[in-house]
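One structure is given here, and the rest of the page talks about it.
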Amino acid sequence: MKATPALTGIISMTGFAQARAEQDGSSVRINLRSVNHRFLDLHLRMPDGFEVFESRIRQAIRNRLRRGHVDVNIYFEAGGTGAIEVNHDMVESYMKAVERLRQEFGIQSEPNLVELFRLPGVVATPGAGELRSEEEQEKLGQQVEACLEQALNKLEAMRRSEGQALTVEMQGILGQIAARTAEIETLAERVRPAIARRLAERLEELLKGMQLDPIRLAQEAAMIAERSDVSEELERLRSHVEQFGKLLAGAGEAGKKLDFLLQEMQREANTLLSKTPGVESEGLAITGLALEVKSDIEKLREQAQNVE
């Protein structure tokens, strides 16, 4: 099976697809369902006799998908008008169980024969397990591959569509973080003189009119201002936001890279909060904006968990 060329844009790990392929009266149906997972986690459910195709199926899926928990359900209906075989031993076991229940609970109704035929193991029909030649097996294998390719195409289309929706939502959140970062930077420029003013007022109150050393006052103000300087954190946060946006617009497996960037963004936001000065309205405003940035990063993390 040929792999589809990579397209631009992120891909969601969430999707569902169904396909059917018919050949010589027989029918193969495949259902694919995928959700988010750190790695590619495949779970196959197949009819008896399909084990010979398992490695081909797994490899075909690995050629198309990189991450996600993927449930693969394969159904097979044999063609032709082969005779139906009834498992008499199984029927006898069911009938004995029914008779015991009738006697125990006083049930008067008779068993429904149509429903009896639907019970597991009662009816046997020719299937994949009855293949008698390598030629028949290979034909069925090609049928399975064709059906799987259809299902993968549909699944990929749905995952790309989901990825586009995720991109739009995350770009909106990124825009909010960028705007708040710019607002914090503006407020931070006003903080330093506010710190010096607050320090001078506090010292004057404590010293009660004693002569103040202007050089020492400037030194103390500079130390406090340095401890409260958030310019480096803001610069790194802007850089992470820019890189995040480029990954959203790019192609290939981006989920793990987005996870890493989100960890770095969260670290900068935490440092920003720890250094935010509690002085006047500017410090309170910076704290509020930094908390909103942290909330936005958590929203991004929730969405990025679905990215392949």
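Letters A, B, ... mark the chains of the structure tokens in the order given; residue numbers begin at 1 per chain; ligand numbers begin at 1, in order shown.
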Pick out the residues sitting within 12 Å of region 226-240 of chain A, and hand them over as a compact mmCIF listing (two decimals) with N, CA, C and O atoms, in the first residue's frame; count only C-alpha atoms, and ignore anything fewer than 6 positions along from it in its own chain.
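Listing of result.txt after writing:
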# COMPACT_ATOMS: atom_id res chain seq x y z
N LEU A 174 -3.33 31.63 21.30
CA LEU A 174 -1.99 32.22 21.16
C LEU A 174 -2.07 33.74 21.02
O LEU A 174 -1.25 34.47 21.57
N GLY A 175 -3.05 34.20 20.26
CA GLY A 175 -3.23 35.64 20.10
C GLY A 175 -3.51 36.32 21.42
O GLY A 175 -3.01 37.43 21.69
N GLN A 176 -4.29 35.66 22.29
CA GLN A 176 -4.57 36.22 23.61
C GLN A 176 -3.30 36.29 24.45
O GLN A 176 -3.05 37.29 25.14
N ILE A 177 -2.48 35.23 24.40
CA ILE A 177 -1.24 35.23 25.16
C ILE A 177 -0.31 36.34 24.68
O ILE A 177 0.31 37.06 25.48
N ALA A 178 -0.20 36.50 23.36
CA ALA A 178 0.66 37.54 22.80
C ALA A 178 0.20 38.93 23.23
O ALA A 178 1.01 39.80 23.60
N ALA A 179 -1.12 39.15 23.21
CA ALA A 179 -1.65 40.46 23.60
C ALA A 179 -1.40 40.74 25.08
O ALA A 179 -1.02 41.86 25.47
N ARG A 180 -1.58 39.72 25.90
CA ARG A 180 -1.37 39.91 27.34
C ARG A 180 0.11 40.11 27.67
O ARG A 180 0.47 40.86 28.57
N THR A 181 0.97 39.43 26.91
CA THR A 181 2.41 39.60 27.10
C THR A 181 2.81 41.04 26.79
O THR A 181 3.60 41.65 27.52
N ALA A 182 2.28 41.58 25.71
CA ALA A 182 2.59 42.97 25.34
C ALA A 182 2.07 43.93 26.41
O ALA A 182 2.73 44.93 26.75
N GLU A 183 0.90 43.63 26.96
CA GLU A 183 0.33 44.49 28.00
C GLU A 183 1.17 44.44 29.27
O GLU A 183 1.38 45.47 29.93
N ILE A 184 1.65 43.24 29.62
CA ILE A 184 2.51 43.10 30.79
C ILE A 184 3.79 43.91 30.60
O ILE A 184 4.28 44.56 31.52
N GLU A 185 4.35 43.86 29.39
CA GLU A 185 5.59 44.59 29.12
C GLU A 185 5.38 46.10 29.31
O GLU A 185 6.24 46.79 29.88
N THR A 186 4.25 46.61 28.87
CA THR A 186 3.96 48.03 29.04
C THR A 186 3.85 48.39 30.52
O THR A 186 4.39 49.41 30.98
N LEU A 187 3.16 47.53 31.27
CA LEU A 187 3.01 47.79 32.70
C LEU A 187 4.34 47.68 33.44
O LEU A 187 4.61 48.44 34.37
N ALA A 188 5.17 46.71 33.00
CA ALA A 188 6.45 46.50 33.67
C ALA A 188 7.36 47.71 33.55
O ALA A 188 8.20 47.96 34.44
N GLU A 189 7.23 48.48 32.47
CA GLU A 189 8.06 49.67 32.30
C GLU A 189 7.75 50.74 33.34
O GLU A 189 8.57 51.59 33.65
N ARG A 190 6.53 50.71 33.87
CA ARG A 190 6.14 51.70 34.87
C ARG A 190 6.47 51.24 36.29
O ARG A 190 6.32 52.02 37.24
N VAL A 191 6.84 49.99 36.42
CA VAL A 191 7.01 49.43 37.76
C VAL A 191 8.23 49.99 38.47
O VAL A 191 8.19 50.29 39.67
N ARG A 192 9.35 50.14 37.75
CA ARG A 192 10.60 50.53 38.41
C ARG A 192 10.47 51.86 39.15
O ARG A 192 10.85 51.94 40.33
N PRO A 193 9.99 52.93 38.54
CA PRO A 193 9.83 54.17 39.33
C PRO A 193 8.83 54.02 40.46
O PRO A 193 8.98 54.65 41.51
N ALA A 194 7.85 53.16 40.28
CA ALA A 194 6.89 52.95 41.36
C ALA A 194 7.56 52.27 42.55
O ALA A 194 7.27 52.59 43.72
N ILE A 195 8.50 51.35 42.26
CA ILE A 195 9.25 50.69 43.32
C ILE A 195 10.09 51.70 44.09
O ILE A 195 10.12 51.69 45.32
N ALA A 196 10.80 52.55 43.34
CA ALA A 196 11.65 53.55 44.00
C ALA A 196 10.80 54.49 44.86
O ALA A 196 11.18 54.84 45.99
N GLN A 219 20.78 52.30 45.38
CA GLN A 219 21.22 50.92 45.34
C GLN A 219 20.12 49.96 45.76
O GLN A 219 19.88 48.91 45.11
N GLU A 220 19.44 50.28 46.83
CA GLU A 220 18.35 49.43 47.31
C GLU A 220 17.22 49.36 46.28
O GLU A 220 16.67 48.29 46.01
N LYS A 246 4.44 28.69 14.48
CA LYS A 246 5.07 28.10 13.31
C LYS A 246 4.78 26.61 13.22
O LYS A 246 4.57 26.06 12.13
N LEU A 247 4.76 25.93 14.37
CA LEU A 247 4.45 24.49 14.37
C LEU A 247 3.01 24.25 13.91
O LEU A 247 2.73 23.29 13.19
N LYS A 257 6.46 18.25 20.13
CA LYS A 257 7.13 19.55 20.17
C LYS A 257 6.24 20.59 20.84
O LYS A 257 6.73 21.44 21.60
N LEU A 258 4.95 20.52 20.57
CA LEU A 258 4.02 21.44 21.22
C LEU A 258 4.01 21.21 22.73
O LEU A 258 3.95 22.16 23.51
N ASP A 259 4.04 19.94 23.13
CA ASP A 259 4.07 19.62 24.56
C ASP A 259 5.29 20.26 25.23
O ASP A 259 5.19 20.83 26.33
N PHE A 260 6.45 20.15 24.58
CA PHE A 260 7.67 20.72 25.14
C PHE A 260 7.56 22.24 25.27
O PHE A 260 7.92 22.83 26.31
N LEU A 261 7.07 22.90 24.22
CA LEU A 261 6.93 24.36 24.26
C LEU A 261 5.97 24.79 25.36
O LEU A 261 6.19 25.81 26.04
N LEU A 262 4.92 24.04 25.56
CA LEU A 262 3.95 24.38 26.60
C LEU A 262 4.57 24.28 27.98
O LEU A 262 4.28 25.09 28.87
N GLN A 263 5.44 23.31 28.19
CA GLN A 263 6.15 23.21 29.46
C GLN A 263 7.02 24.45 29.69
O GLN A 263 7.08 24.99 30.81
N GLU A 264 7.71 24.88 28.63
CA GLU A 264 8.57 26.07 28.74
C GLU A 264 7.73 27.33 28.98
O GLU A 264 8.11 28.20 29.78
N MET A 265 6.60 27.43 28.31
CA MET A 265 5.72 28.59 28.50
C MET A 265 5.18 28.63 29.92
O MET A 265 5.09 29.70 30.54
N GLN A 266 4.83 27.46 30.44
CA GLN A 266 4.32 27.40 31.81
C GLN A 266 5.40 27.80 32.81
O GLN A 266 5.14 28.51 33.79
N ARG A 267 6.64 27.40 32.55
CA ARG A 267 7.75 27.78 33.43
C ARG A 267 7.94 29.30 33.44
O ARG A 267 8.16 29.90 34.50
N GLU A 268 7.89 29.92 32.27
CA GLU A 268 8.07 31.39 32.21
C GLU A 268 6.92 32.09 32.92
O GLU A 268 7.14 33.11 33.60
N ALA A 269 5.71 31.58 32.78
CA ALA A 269 4.56 32.21 33.44
C ALA A 269 4.69 32.10 34.96
O ALA A 269 4.37 33.05 35.69
N ASN A 270 5.18 30.96 35.45
CA ASN A 270 5.37 30.79 36.90
C ASN A 270 6.44 31.75 37.42
O ASN A 270 6.27 32.36 38.49
N THR A 271 7.54 31.87 36.67
CA THR A 271 8.60 32.79 37.08
C THR A 271 8.09 34.23 37.06
O THR A 271 8.42 35.04 37.94
N LEU A 272 7.29 34.54 36.07
CA LEU A 272 6.71 35.88 35.95
C LEU A 272 5.89 36.21 37.19
O LEU A 272 5.98 37.31 37.76
N LEU A 273 5.10 35.24 37.64
CA LEU A 273 4.28 35.47 38.83
C LEU A 273 5.13 35.62 40.09
O LEU A 273 4.84 36.46 40.95
N SER A 274 6.20 34.82 40.19
CA SER A 274 7.05 34.89 41.39
C SER A 274 7.81 36.21 41.47
O SER A 274 8.16 36.66 42.56
N LYS A 275 8.05 36.87 40.34
CA LYS A 275 8.81 38.12 40.32
C LYS A 275 7.91 39.35 40.25
O LYS A 275 8.41 40.48 40.28
N THR A 276 6.63 39.15 40.12
CA THR A 276 5.73 40.29 39.99
C THR A 276 5.72 41.10 41.28
O THR A 276 5.42 40.57 42.35
N PRO A 277 6.03 42.38 41.22
CA PRO A 277 6.06 43.21 42.43
C PRO A 277 4.66 43.60 42.88
O PRO A 277 3.81 43.94 42.05
N GLY A 278 4.45 43.52 44.16
CA GLY A 278 3.14 43.91 44.67
C GLY A 278 3.09 45.39 44.98
O GLY A 278 2.89 45.78 46.13
N VAL A 279 3.33 46.23 44.00
CA VAL A 279 3.35 47.68 44.22
C VAL A 279 2.29 48.34 43.36
O VAL A 279 2.20 48.13 42.16
N GLY A 283 1.58 46.42 39.64
CA GLY A 283 1.89 45.06 40.09
C GLY A 283 0.67 44.17 40.13
O GLY A 283 0.71 43.00 39.72
N ILE A 286 -0.25 43.25 36.56
CA ILE A 286 0.67 42.26 36.00
C ILE A 286 0.32 40.87 36.55
O ILE A 286 0.31 39.88 35.81
N THR A 287 0.04 40.79 37.85
CA THR A 287 -0.33 39.51 38.45
C THR A 287 -1.58 38.94 37.80
O THR A 287 -1.65 37.75 37.47
N ALA A 290 -0.73 37.73 34.29
CA ALA A 290 0.08 36.51 34.33
C ALA A 290 -0.78 35.30 34.66
O ALA A 290 -0.58 34.20 34.10
N VAL A 293 -2.54 34.37 31.55
CA VAL A 293 -1.61 33.67 30.64
C VAL A 293 -1.49 32.20 31.03
O VAL A 293 -1.52 31.32 30.18
N LYS A 294 -1.36 31.93 32.34
CA LYS A 294 -1.29 30.55 32.80
C LYS A 294 -2.56 29.78 32.43
O LYS A 294 -2.50 28.62 32.01
N ILE A 297 -2.42 28.96 28.76
CA ILE A 297 -1.48 27.87 28.47
C ILE A 297 -2.12 26.53 28.78
O ILE A 297 -1.94 25.55 28.04
Requested in this report: List the neighbours of Tyr75 (chain A) out to 12 Å using only C-alpha atoms; skip same-chain residues closer than 2 positions along the sequence, and give me the result as a PyMOL selection string.
Outcome: chain A and resi 18-22+26-32+44-50+72-73+77-78+127-128+144+147-148
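Of note, CA of Glu308 (chain A) and CA of Ile10 (chain A) are spaced 7.3 Å apart.
Residue nearest Arg66 (chain A), chosen from A:Glu156, A:Glu136, A:Glu149, A:Asp24 and counting only C-alpha atoms: A:Glu156.
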**Report entry** Nearest to Ile57 (chain A), chosen from A:Asn306, A:Ala151, A:Val91, A:Val86, with only C-alpha atoms counted in the distances
**Finding:** A:Ala151
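Distance annotation: of A:Gly15, A:Gly141, A:Gly255, A:Gly9, the residue with the minimal separation from Arg67 (chain A) is A:Gly255; atom set is only C-alpha atoms.
The two atoms in question, CA of Asn36 (chain A) and CA of Arg301 (chain A), are spaced 12.8 Å apart.
Interatomic distance, CA of Arg100 (chain A) to CA of Glu85 (chain A): 26.0 Å.
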Requested in this report: From the DSSP assignment of the backbone, select every residue of region 48-198 of chain A that is alpha helix (DSSP H), and format the answer as a VMD selection string.
Outcome: chain A and resid 54 to 62 88 to 105 113 to 117 134 to 198
Requested in this report: Mind checking which residues fall within 8 Å of region 158-167 of chain A, counting only C-alpha atoms, ignoring those fewer than 4 positions away in the same chain, and posting them as an MDAnalysis selection string?
Outcome: chainID A and resid 9:17 154 171 248 303 307
